[in-house]
file entry_1.txt (compact mmCIF, C-alpha atoms and all ligand atoms)
# COMPACT_ATOMS: atom_id res chain seq x y z
CA MET A 1 42.90 17.92 -8.45
CA ASP A 2 46.43 16.78 -7.69
CA LYS A 3 46.92 18.78 -4.51
CA GLU A 4 47.13 16.87 -1.24
CA ILE A 5 45.89 19.76 0.94
CA LEU A 6 42.48 21.16 -0.04
CA ASN A 7 40.56 24.29 0.90
CA LEU A 8 36.80 24.32 1.54
CA GLU A 9 35.73 24.74 -2.08
CA GLU A 10 38.11 22.01 -3.26
CA ALA A 11 36.96 19.61 -0.55
CA ALA A 12 33.31 20.21 -1.53
CA GLU A 13 34.23 19.61 -5.17
CA LEU A 14 36.03 16.37 -4.25
CA PHE A 15 32.78 15.10 -2.68
CA GLY A 16 30.75 16.45 -5.60
CA VAL A 17 28.50 18.58 -3.35
CA SER A 18 27.88 22.31 -2.95
CA VAL A 19 29.93 24.33 -0.44
CA LYS A 20 26.71 24.85 1.52
CA THR A 21 26.12 21.09 1.77
CA PHE A 22 29.74 20.52 2.71
CA ILE A 23 29.54 23.11 5.52
CA LYS A 24 26.40 21.37 6.80
CA LEU A 25 28.34 18.09 6.77
CA LEU A 26 31.15 19.71 8.79
CA LYS A 27 28.63 20.74 11.44
CA GLU A 28 26.78 17.42 11.61
CA GLU A 29 29.57 14.87 11.22
CA LYS A 30 33.15 14.36 12.33
CA VAL A 31 34.82 15.14 9.01
CA PRO A 32 38.64 15.08 9.22
CA GLY A 33 39.82 18.68 8.78
CA ARG A 34 41.15 21.68 10.63
CA LYS A 35 40.51 25.38 10.70
CA ILE A 36 43.83 27.17 10.43
CA GLY A 37 43.18 30.78 11.36
CA ARG A 38 39.91 31.45 9.50
CA GLU A 39 40.57 28.97 6.70
CA TRP A 40 39.56 25.32 6.48
CA ARG A 41 42.19 22.84 5.30
CA PHE A 42 41.62 19.17 4.52
CA SER A 43 43.88 16.26 3.65
CA LYS A 44 42.55 14.75 0.42
CA LYS A 45 43.62 11.27 1.53
CA ALA A 46 41.95 11.66 4.95
CA LEU A 47 38.70 12.77 3.27
CA ILE A 48 38.73 9.77 0.92
CA ASP A 49 39.52 7.41 3.83
CA TRP A 50 36.68 8.95 5.88
CA LEU A 51 34.27 8.53 2.98
CA SER A 52 35.20 4.91 2.38
CA SER A 53 34.95 3.98 6.07
CA GLY A 54 31.27 5.03 6.17
CA ASP A 55 28.66 2.36 6.85
CA SER A 56 25.46 2.91 4.89
CA GLN A 57 23.38 1.06 7.47
CA ALA A 58 24.26 3.67 10.06
CA TYR A 59 22.77 6.34 7.85
CA SER A 60 19.25 7.59 7.99
CA SER A 61 17.41 4.39 7.46
CA SER A 62 14.11 5.98 8.45
CA GLU A 63 13.49 2.97 10.66
CA ALA A 64 16.73 3.48 12.61
CA GLU A 65 15.86 7.16 13.00
CA THR A 66 12.40 6.28 14.30
CA ARG A 67 13.86 3.81 16.79
CA ASP A 68 16.45 6.33 18.01
CA PHE A 69 13.78 9.00 18.35
CA PHE A 70 11.48 6.79 20.43
CA ASP A 71 14.39 5.41 22.46
CA LYS A 72 15.24 8.98 23.41
CA ILE A 73 11.73 10.12 24.34
CA ALA A 74 10.61 6.85 25.98
CA PRO A 75 10.78 8.12 29.60
CA GLU A 76 8.70 11.17 28.59
CA TRP A 77 6.26 9.34 26.30
CA GLU A 78 3.39 9.19 28.78
CA LYS A 79 3.48 12.97 29.18
CA ILE A 80 3.96 13.61 25.47
CA ARG A 81 1.19 11.18 24.58
CA ALA A 82 -1.24 12.84 26.97
CA SER A 83 -0.65 16.21 25.31
CA TYR A 84 -1.02 14.58 21.92
CA TYR A 85 -4.07 12.31 22.29
CA ASP A 86 -6.26 11.42 25.23
CA GLU A 87 -7.80 8.22 26.57
CA SER A 88 -10.51 7.94 23.91
CA ILE A 89 -8.68 5.32 21.82
CA LYS A 90 -8.52 3.03 24.87
CA SER A 91 -12.13 3.80 25.81
CA ARG A 92 -13.35 2.68 22.35
CA ILE A 93 -11.80 -0.77 22.91
CA PHE A 94 -13.89 -1.28 26.04
CA GLU A 95 -17.03 0.26 24.52
CA MET A 96 -16.73 -2.18 21.60
CA GLY A 97 -16.56 -5.17 23.96
CA ILE A 98 -13.95 -6.95 21.87
CA LEU A 99 -11.93 -8.46 24.75
CA ASP A 100 -12.20 -11.93 26.24
CA LYS A 101 -10.46 -13.53 29.21
CA ASN A 102 -9.20 -16.39 26.99
CA PHE A 103 -7.67 -14.14 24.32
CA THR A 104 -4.04 -13.74 23.36
CA VAL A 105 -3.79 -10.22 21.99
CA MET A 106 -0.96 -8.28 20.42
CA ASP A 107 -0.18 -4.56 20.68
CA ILE A 108 2.09 -3.56 17.77
CA GLY A 109 4.01 -0.30 18.17
CA CYS A 110 3.02 -0.61 21.82
CA GLY A 111 5.22 2.20 23.15
CA ASP A 112 5.09 2.26 26.95
CA GLY A 113 1.95 0.15 26.93
CA TYR A 114 -0.82 2.75 26.59
CA ILE A 115 -3.03 -0.08 25.26
CA SER A 116 -1.19 -3.20 26.52
CA ARG A 117 -1.46 -2.14 30.16
CA ALA A 118 -5.09 -1.05 29.77
CA VAL A 119 -6.28 -4.38 28.32
CA ALA A 120 -3.98 -6.78 30.21
CA ARG A 121 -6.43 -7.63 33.00
CA SER A 122 -9.22 -8.34 30.50
CA VAL A 123 -7.34 -10.98 28.46
CA ASN A 124 -5.16 -14.04 29.01
CA LYS A 125 -1.96 -12.66 27.49
CA VAL A 126 -0.66 -9.53 25.76
CA ILE A 127 2.27 -9.70 23.35
CA ALA A 128 3.61 -6.14 23.21
CA VAL A 129 5.76 -5.44 20.16
CA ASP A 130 7.93 -2.39 19.56
CA ILE A 131 11.08 -1.47 17.67
CA SER A 132 12.29 0.66 20.58
CA ARG A 133 14.02 -1.20 23.42
CA GLU A 134 13.63 1.84 25.68
CA MET A 135 9.87 2.00 25.10
CA LEU A 136 9.64 -1.70 26.02
CA ARG A 137 11.69 -1.04 29.14
CA GLU A 138 9.21 1.68 30.16
CA LEU A 139 6.32 -0.69 29.49
CA GLU A 140 7.89 -3.43 31.63
CA LYS A 141 8.62 -0.98 34.46
CA LYS A 142 5.08 0.46 34.47
CA ALA A 143 3.45 -2.99 34.17
CA LYS A 144 5.47 -4.20 37.16
CA GLU A 145 4.52 -1.14 39.22
CA SER A 146 0.85 -1.95 38.51
CA GLY A 147 1.27 -5.65 39.32
CA ILE A 148 0.52 -6.73 35.72
CA GLU A 149 2.26 -10.00 34.88
CA ASN A 150 0.77 -11.20 31.60
CA ILE A 151 2.53 -8.89 29.13
CA GLN A 152 5.36 -10.32 27.04
CA ALA A 153 7.56 -7.62 25.50
CA VAL A 154 8.98 -8.42 22.06
CA GLU A 155 11.51 -6.22 20.28
CA SER A 156 10.67 -6.32 16.58
CA ASP A 157 10.23 -4.02 13.59
CA GLY A 158 6.67 -5.25 12.98
CA ARG A 159 7.57 -6.77 9.60
CA ASP A 160 8.54 -10.21 10.81
CA VAL A 161 7.32 -10.65 14.38
CA PRO A 162 8.67 -13.88 15.94
CA VAL A 163 5.20 -15.28 16.70
CA ASP A 164 3.37 -18.16 14.96
CA ASP A 165 0.93 -17.68 12.09
CA GLY A 166 -2.73 -17.51 13.09
CA SER A 167 -2.05 -17.35 16.83
CA ILE A 168 -3.51 -13.98 17.84
CA ASP A 169 -7.15 -13.13 18.64
CA VAL A 170 -6.95 -9.32 18.46
CA ILE A 171 -4.20 -7.01 17.22
CA PHE A 172 -4.06 -3.41 18.43
CA ALA A 173 -2.02 -0.79 16.62
CA SER A 174 -2.39 2.66 18.14
CA MET A 175 -0.69 5.50 16.25
CA TYR A 176 1.81 3.06 14.78
CA LEU A 177 1.11 2.81 11.06
CA HIS A 178 2.10 6.39 10.19
CA HIS A 179 5.63 5.54 11.39
CA ILE A 180 5.99 2.63 8.99
CA GLU A 181 7.78 3.04 5.70
CA GLU A 182 5.75 0.30 3.99
CA PRO A 183 2.29 0.07 5.62
CA ASP A 184 1.37 -2.72 3.18
CA ILE A 185 4.00 -5.03 4.70
CA ALA A 186 2.88 -4.15 8.24
CA VAL A 187 -0.77 -4.94 7.44
CA LYS A 188 0.22 -8.20 5.69
CA GLU A 189 2.07 -9.18 8.87
CA MET A 190 -1.02 -8.44 10.99
CA SER A 191 -2.99 -10.70 8.67
CA ARG A 192 -0.43 -13.49 9.07
CA LEU A 193 -0.49 -13.25 12.86
CA LEU A 194 -4.28 -13.22 13.33
CA LYS A 195 -6.47 -16.30 13.68
CA PRO A 196 -9.20 -16.54 11.02
CA GLY A 197 -12.03 -14.47 12.50
CA GLY A 198 -9.52 -12.49 14.58
CA MET A 199 -9.78 -8.71 14.70
CA VAL A 200 -7.51 -5.78 14.12
CA PHE A 201 -8.15 -2.50 15.98
CA LEU A 202 -6.10 0.30 14.49
CA ALA A 203 -6.06 3.96 15.50
CA ASP A 204 -4.38 6.57 13.34
CA PHE A 205 -4.71 10.02 11.82
CA HIS A 206 -6.99 10.92 8.98
CA GLU A 207 -4.83 12.44 6.26
CA HIS A 208 -3.68 15.92 7.35
CA ASP A 209 -1.28 18.63 6.27
CA ASN A 210 0.31 19.48 9.62
CA MET A 211 3.95 19.26 8.59
CA GLU A 212 5.09 20.70 11.91
CA LEU A 213 3.49 17.79 13.75
CA MET A 214 4.96 15.27 11.29
CA GLU A 215 8.45 16.66 11.71
CA LYS A 216 8.26 16.91 15.45
CA MET A 217 6.97 13.35 15.91
CA HIS A 218 9.13 11.80 13.14
CA ASP A 219 6.03 10.65 11.27
CA LEU A 220 6.58 9.11 7.84
CA TRP A 221 2.95 9.43 6.67
CA PRO A 222 0.57 12.40 7.11
CA GLY A 223 -2.15 10.02 8.25
CA PHE A 224 -4.23 8.02 5.77
CA LYS A 225 -7.15 8.53 3.41
CA THR A 226 -10.18 6.45 4.41
CA GLY A 227 -10.48 4.82 0.98
CA ALA A 228 -6.78 3.95 0.78
CA ILE A 229 -6.57 2.40 4.24
CA LYS A 230 -9.72 0.37 3.57
CA LYS A 231 -8.22 -0.98 0.34
CA LEU A 232 -5.00 -1.85 2.17
CA PHE A 233 -6.90 -4.08 4.59
CA GLU A 234 -9.15 -5.60 1.89
CA LYS A 235 -6.07 -6.47 -0.14
CA ASN A 236 -4.51 -8.25 2.82
CA GLY A 237 -7.40 -10.59 3.59
CA PHE A 238 -9.66 -8.57 5.89
CA LYS A 239 -13.46 -8.18 5.77
CA ASN A 240 -16.09 -6.18 7.74
CA ILE A 241 -13.86 -3.11 7.64
CA CYS A 242 -15.33 -0.25 9.71
CA ILE A 243 -13.82 3.18 10.09
CA GLU A 244 -15.09 5.73 12.61
CA THR A 245 -13.72 9.12 13.53
CA LEU A 246 -13.05 9.74 17.19
CA ASP A 247 -14.33 12.93 18.69
CA SER A 248 -10.99 14.68 18.80
CA ASP A 249 -12.22 18.21 19.53
CA ILE A 250 -10.95 17.69 23.02
CA ILE A 251 -7.59 16.42 21.78
CA LYS A 252 -5.14 19.24 21.35
CA TYR A 253 -1.68 19.55 19.92
CA GLY A 254 -0.20 22.63 21.55
CA GLN A 255 -2.87 25.29 21.15
CA LYS A 256 -4.34 23.77 18.00
CA PRO A 257 -7.11 21.18 17.84
CA MET A 258 -5.55 17.81 17.12
CA GLU A 259 -5.71 16.24 13.69
CA LYS A 260 -8.67 13.88 13.47
CA ILE A 261 -8.04 10.34 14.65
CA PHE A 262 -9.92 7.35 13.24
CA VAL A 263 -10.38 3.85 14.56
CA LEU A 264 -10.47 1.04 12.02
CA THR A 265 -11.69 -2.42 12.94
CA ALA A 266 -11.51 -5.34 10.52
CA VAL A 267 -11.91 -9.10 10.70
CA LYS A 268 -9.38 -11.58 9.27
CA GLU A 269 -11.07 -13.79 6.65
C1 LIG B 301 3.27 7.26 18.46
S1 LIG B 301 3.99 5.92 19.35
C2 LIG B 301 2.52 5.07 19.90
C3 LIG B 301 2.78 4.22 21.12
C4 LIG B 301 1.54 3.56 21.70
N1 LIG B 301 0.90 2.66 20.76
C5 LIG B 301 0.57 4.63 22.15
O1 LIG B 301 -0.48 4.79 21.51
O2 LIG B 301 0.90 5.33 23.14
C6 LIG B 301 4.56 4.86 18.04
C7 LIG B 301 5.30 3.62 18.52
O3 LIG B 301 5.56 2.79 17.39
C8 LIG B 301 6.86 2.27 17.52
N2 LIG B 301 7.37 1.93 16.18
C9 LIG B 301 7.72 2.77 15.20
N3 LIG B 301 8.14 2.09 14.12
C10 LIG B 301 8.02 0.78 14.44
C11 LIG B 301 8.28 -0.43 13.75
N4 LIG B 301 8.75 -0.45 12.49
N5 LIG B 301 8.04 -1.60 14.37
C12 LIG B 301 7.56 -1.63 15.66
N6 LIG B 301 7.31 -0.51 16.38
C13 LIG B 301 7.53 0.67 15.77
C14 LIG B 301 7.66 3.38 18.20
O4 LIG B 301 8.84 2.91 18.80
C15 LIG B 301 6.63 3.91 19.19
O5 LIG B 301 6.71 3.24 20.42
call {"tool": "encode", "arguments": {"input": "entry_1.txt", "output": "structure tokens"}}
result
Amino acid sequence: MDKEILNLEEAAELFGVSVKTFIKLLKEEKVPGRKIGREWRFSKKALIDWLSSGDSQAYSSSEAETRDFFDKIAPEWEKIRASYYDESIKSRIFEMGILDKNFTVMDIGCGDGYISRAVARSVNKVIAVDISREMLRELEKKAKESGIENIQAVESDGRDVPVDDGSIDVIFASMYLHHIEEPDIAVKEMSRLLKPGGMVFLADFHEHDNMELMEKMHDLWPGFKTGAIKKLFEKNGFKNICIETLDSDIIKYGQKPMEKIFVLTAVKE
């Protein structure tokens, strides 16, 4: 292909993709090219320059997409969350009586503080961790409005939280794990952070096949199988693993009953 000016088919061929894929690229990205009359024309050199100036890190790392998604919906999260699951996850924490005034607890994937704000007055300190700066901003704003002063917000991807080994009494993770590319690493990190005898309280979906929900909420996992999630915690140094299904008949997603939510509790060995 010696020509300097390419038509649509030639430009697609240069990139080694189908015309359909190339047209999609034209719609989604700022590809250098012009429509002259009804015909697309591209400079071969400009296309090669554009390609080589790309930065792979800016592209669809699922983690970056998740962060951008939650950054965008942070101000609406409370409303979205309420139409997505109710207060029963929080209620279980209090029913279980697992809080203590001397505890330092952590809420990973804390969002706007659905759990952090609920437990703050029952513990000494809450470390609230999230990958989304905007979610943390919402949490800080709402905590301040309620006069809560013992929540420390930490921006982190949950793989390498800047907190000492064995320093946490209870870790909460509500509807977090299905957003994580490698749940094994996230659970290993929970194990590192907990004191021996410390507890994890995790709420998530039982495995489901609601692809519409997954797509809409940018979920990476369609929930988890009970056996698989149990093994994941056993493998990472947890014992006394209990899994119970919340009564989610009352929890609705749109008009449909919500996918079943489970609560897992486990103790760090
Ligand atoms: C479905 S929301 C749940 C928020 C809150 N726990 C609740 O129950 O309302 C999932 C949260 O996990 C956060 N998250 C997703 N991936 C994460 C990661 N790798 N590290 C830390 N937080 C993450 C999102 O930013 C979002 O705030």
call {"tool": "residues_around", "arguments": {"input": "entry_1.txt", "residues": "A:Val263", "least_positions_apart": "4", "cutoff": "6 Å", "atoms": "only C-alpha atoms", "output": "list of chain:residue names"}}
result
A:Leu202, A:Ala203, A:Ile243, A:Glu244
call {"tool": "residues_around", "arguments": {"input": "entry_1.txt", "residues": "A:Ala143", "least_positions_apart": "6", "cutoff": "10 Å", "atoms": "all atoms listed in the file", "output": "list in words"}}
result
Asp112, Gly113, Ser116, Arg117, Ala118, Ala120, Arg137, Glu149, Asn150 and Ile151 of chain A
call {"tool": "write_last_selection", "arguments": {"input": "entry_1.txt", "atoms": "C-alpha atoms", "output": "PDB file, keeping the file's coordinate frame"}}
result
ATOM      1  CA  ASP A 112       5.090   2.260  26.950  1.00  0.00           C
ATOM      2  CA  GLY A 113       1.950   0.150  26.930  1.00  0.00           C
ATOM      3  CA  SER A 116      -1.190  -3.200  26.520  1.00  0.00           C
ATOM      4  CA  ARG A 117      -1.460  -2.140  30.160  1.00  0.00           C
ATOM      5  CA  ALA A 118      -5.090  -1.050  29.770  1.00  0.00           C
ATOM      6  CA  ALA A 120      -3.980  -6.780  30.210  1.00  0.00           C
ATOM      7  CA  ARG A 137      11.690  -1.040  29.140  1.00  0.00           C
ATOM      8  CA  GLU A 149       2.260 -10.000  34.880  1.00  0.00           C
ATOM      9  CA  ASN A 150       0.770 -11.200  31.600  1.00  0.00           C
ATOM     10  CA  ILE A 151       2.530  -8.890  29.130  1.00  0.00           C
TER      11      ILE A 151
END
call {"tool": "closest_atom_pairs", "arguments": {"input": "entry_1.txt", "of": "chain A", "to": "ligand LIG 301 (chain B)", "cutoff": "9 Å", "atoms": "only C-alpha atoms and all ligand atoms", "output": "CSV"}}
result
residue,atom,partner,partner_atom,distance
A:Glu63,CA,B:LIG301,N4,6.1
A:Ala64,CA,B:LIG301,N3,8.8
A:Thr66,CA,B:LIG301,C9,5.9
A:Arg67,CA,B:LIG301,O4,5.5
A:Asp68,CA,B:LIG301,O4,8.4
A:Phe69,CA,B:LIG301,O4,7.9
A:Phe70,CA,B:LIG301,O4,5.0
A:Asp71,CA,B:LIG301,O4,7.1
A:Ala74,CA,B:LIG301,O5,7.7
A:Trp77,CA,B:LIG301,O2,7.4
A:Glu78,CA,B:LIG301,O2,7.3
A:Arg81,CA,B:LIG301,O2,6.0
A:Ala82,CA,B:LIG301,O2,8.7
A:Tyr85,CA,B:LIG301,O1,8.4
A:Ile89,CA,B:LIG301,O1,8.2
A:Lys90,CA,B:LIG301,O1,8.9
A:Asp107,CA,B:LIG301,N1,7.3
A:Ile108,CA,B:LIG301,C12,6.2
A:Gly109,CA,B:LIG301,O3,3.5
A:Cys110,CA,B:LIG301,N1,4.0
A:Gly111,CA,B:LIG301,O5,3.3
A:Asp112,CA,B:LIG301,O2,6.4
A:Gly113,CA,B:LIG301,C4,6.3
A:Tyr114,CA,B:LIG301,O2,4.6
A:Ile115,CA,B:LIG301,N1,6.6
A:Ser116,CA,B:LIG301,N1,8.5
A:Val129,CA,B:LIG301,C12,6.2
A:Asp130,CA,B:LIG301,N6,3.7
A:Ile131,CA,B:LIG301,C12,4.1
A:Ser132,CA,B:LIG301,O4,4.5
A:Arg133,CA,B:LIG301,O4,8.1
A:Glu134,CA,B:LIG301,O4,8.5
A:Met135,CA,B:LIG301,O5,5.8
A:Leu136,CA,B:LIG301,O5,8.0
A:Glu155,CA,B:LIG301,C12,7.6
A:Ser156,CA,B:LIG301,C12,5.7
A:Asp157,CA,B:LIG301,N5,3.4
A:Gly158,CA,B:LIG301,N5,4.1
A:Arg159,CA,B:LIG301,N4,7.0
A:Phe172,CA,B:LIG301,N1,8.2
A:Ala173,CA,B:LIG301,N1,6.1
A:Ser174,CA,B:LIG301,N1,4.2
A:Met175,CA,B:LIG301,C1,4.9
A:Tyr176,CA,B:LIG301,O3,4.6
A:Leu177,CA,B:LIG301,N3,7.7
A:His178,CA,B:LIG301,C9,8.4
A:His179,CA,B:LIG301,N3,5.1
A:Ile180,CA,B:LIG301,N4,5.4
A:Glu181,CA,B:LIG301,N4,7.7
A:Ala186,CA,B:LIG301,N4,8.1
A:Ala203,CA,B:LIG301,O1,8.2
A:Met217,CA,B:LIG301,C1,7.6
A:Asp219,CA,B:LIG301,C1,8.4
call {"tool": "atom_distance", "arguments": {"input": "entry_1.txt", "atom1": "atom CA of A:Asn102", "atom2": "atom CA of A:Val126"}}
result
11.0 Å
call {"tool": "closest_residue", "arguments": {"input": "entry_1.txt", "among": "A:Ile127, A:Met199, A:Ala153, A:Ile73", "to": "A:Met96", "atoms": "all atoms listed in the file"}}
result
A:Met199
call {"tool": "atom_distance", "arguments": {"input": "entry_1.txt", "atom1": "atom CA of A:Ile5", "atom2": "atom CA of A:Lys35"}}
result
12.5 Å
call {"tool": "residues_around", "arguments": {"input": "entry_1.txt", "residues": "A:Phe15", "least_positions_apart": "5", "cutoff": "9 Å", "atoms": "only C-alpha atoms", "output": "tab-separated table (two decimals) with C-alpha atoms, in the coordinates of the input"}}
result
chain	number	residue	atom	x	y	z
A	10	GLU	CA	38.11	22.01	-3.26
A	22	PHE	CA	29.74	20.52	2.71
A	47	LEU	CA	38.70	12.77	3.27
A	48	ILE	CA	38.73	9.77	0.92
A	51	LEU	CA	34.27	8.53	2.98
call {"tool": "atom_distance", "arguments": {"input": "entry_1.txt", "atom1": "atom CA of A:Glu189", "atom2": "atom CA of A:Asp165"}}
result
9.2 Å
call {"tool": "residues_near_point", "arguments": {"input": "entry_1.txt", "point": "(2.4, -15.5, 15.3)", "cutoff": "7 Å", "atoms": "all atoms listed in the file", "output": "NGL selection string"}}
result
:A and (161-168 or 193)
call {"tool": "closest_residue", "arguments": {"input": "entry_1.txt", "among": "A:Asp169, A:Glu207, A:Glu65, A:Glu212", "to": "A:Arg192", "atoms": "only C-alpha atoms"}}
result
A:Asp169
call {"tool": "residues_around", "arguments": {"input": "entry_1.txt", "residues": "stretch 37-42 of chain A", "least_positions_apart": "5", "cutoff": "8 Å", "atoms": "all atoms listed in the file", "output": "ChimeraX atom specification"}}
result
/A:5-8,11,32,47
call {"tool": "closest_residue", "arguments": {"input": "entry_1.txt", "among": "A:Leu139, A:Ala266, A:Ile23, A:Ala46", "to": "A:Gly197", "atoms": "only C-alpha atoms"}}
result
A:Ala266
call {"tool": "closest_residue", "arguments": {"input": "entry_1.txt", "among": "A:Glu259, A:Glu95, A:Glu4, A:Glu9", "to": "A:Met211", "atoms": "all atoms listed in the file"}}
result
A:Glu259
call {"tool": "residues_around", "arguments": {"input": "entry_1.txt", "residues": "A:Asp184", "least_positions_apart": "5", "cutoff": "9 Å", "atoms": "only C-alpha atoms", "output": "MDAnalysis selection string"}}
result
chainID A and resid 189 232:233 235:236
call {"tool": "closest_residue", "arguments": {"input": "entry_1.txt", "among": "A:His206, A:Lys239, A:Arg34, A:Lys27", "to": "A:Thr226", "atoms": "all atoms listed in the file"}}
result
A:His206
